[in-house]
Amino acid sequence: MSEGFLLVLSGPSGSGKDTVINQLLKRDSQIVCSVSMTTRAPRPGKQDGVNYFFVSKEQFEENIAREEMLEWAKYGENYYGTPKSPILQWIAEGKTVILNIEVQGAGKIKEKMPEVRTMFLMPPSVQVLRARLKGRGTESEEEIEKRIAIARYEISHAYDYDYIIVNNRLEDAVEGVLEVVNRNRAMLRGEAVNNSYLFE
């Protein structure tokens, strides 16, 4: 029986999703990260098939028509979404596929793949989140407050997820995710496990 499954990971900007995912990829060779598809032009340094699958508008719309997208959305003139076939291939190979996606996209995927596991990466507090965003030094005070407002909305949906990991200390958060991954692999092998709902 395959141990492969899809793990959707959501969390507000500044919660540390990218950092946690990078650590997971280094720690576990059976974990892969899903790559999104977009019609946006590549930015300098971004690689096709690594950062995004860069495609034409026509190709993206063909994929929608053929139901080859797990989820998609249009922002301005560009489409963004999650192609289905690479994820299904990795799952068949026994991989744990992590998909970093916002709350609304996670809901769409859950509708199409009820067996998906979902995890919310929670900041220790809104105050810590604000400090992290300020620490980046890349956004104005107004932009930070907009992100905080979005974060409050996203956090209000945290209990819609199967698991919540509080990212207070990076190493603990990574260990928490790996614990979830290994428990789900064990369940898929048919082993009895105590599958706790909340990790802190």
# chains A, B, ... in the order shown; residues from 1 in each chain; ligands from 1
>>> residues_around(residues="range 147-159 of chain A", least_positions_apart="3", cutoff="8 Å", atoms="only C-alpha atoms", output="JSON, numbers by chain")
{"A": [11, 12, 13, 103, 120, 122, 126, 129, 130, 143, 144, 162, 163, 164]}
>>> closest_residue(among="A:Val8, A:Val177, A:Ala41, A:Thr96", to="Lys108 in chain A", atoms="only C-alpha atoms")
A:Val8
>>> residues_around(residues="Asp18 in chain A", least_positions_apart="2", cutoff="12 Å", atoms="only C-alpha atoms", output="list of chain:residue names")
A:Leu9, A:Ser10, A:Gly11, A:Pro12, A:Ser13, A:Gly14, A:Ser15, A:Gly16, A:Val20, A:Ile21, A:Asn22, A:Gln23, A:Leu24, A:Leu25, A:Cys33, A:Ile98, A:Leu99, A:Asn100, A:Ile101, A:Leu121, A:Leu170, A:Val174
>>> write_last_selection(atoms="C-alpha atoms", output="mmCIF file, in the first residue's frame")
data_model
loop_
_atom_site.group_PDB
_atom_site.id
_atom_site.type_symbol
_atom_site.label_atom_id
_atom_site.label_comp_id
_atom_site.auth_asym_id
_atom_site.auth_seq_id
_atom_site.Cartn_x
_atom_site.Cartn_y
_atom_site.Cartn_z
ATOM 1 C CA LEU A 9 -0.055 23.755 4.378
ATOM 2 C CA SER A 10 -1.560 27.191 5.031
ATOM 3 C CA GLY A 11 -0.710 30.069 7.310
ATOM 4 C CA PRO A 12 -0.474 33.842 7.285
ATOM 5 C CA SER A 13 2.371 35.756 5.674
ATOM 6 C CA GLY A 14 5.193 35.786 8.218
ATOM 7 C CA SER A 15 4.234 32.466 9.831
ATOM 8 C CA GLY A 16 7.363 30.836 8.374
ATOM 9 C CA VAL A 20 9.626 25.221 7.465
ATOM 10 C CA ILE A 21 9.143 23.636 4.022
ATOM 11 C CA ASN A 22 12.826 24.161 3.120
ATOM 12 C CA GLN A 23 13.841 22.384 6.332
ATOM 13 C CA LEU A 24 11.426 19.512 5.628
ATOM 14 C CA LEU A 25 12.868 19.012 2.139
ATOM 15 C CA CYS A 33 6.870 20.427 -2.645
ATOM 16 C CA ILE A 98 3.370 19.477 0.460
ATOM 17 C CA LEU A 99 1.239 22.181 -1.093
ATOM 18 C CA ASN A 100 1.740 25.700 0.272
ATOM 19 C CA ILE A 101 -1.564 27.466 -0.381
ATOM 20 C CA LEU A 121 1.029 26.993 10.579
ATOM 21 C CA LEU A 170 11.572 26.683 14.036
ATOM 22 C CA VAL A 174 9.649 21.236 11.821
#
>>> select_by_dssp(residues="range 63-159 of chain A", states="helix (DSSP H, G or I)", output="MDAnalysis selection string")
chainID A and resid 63:65 84:92 103:112 126:136 141:155 158:159
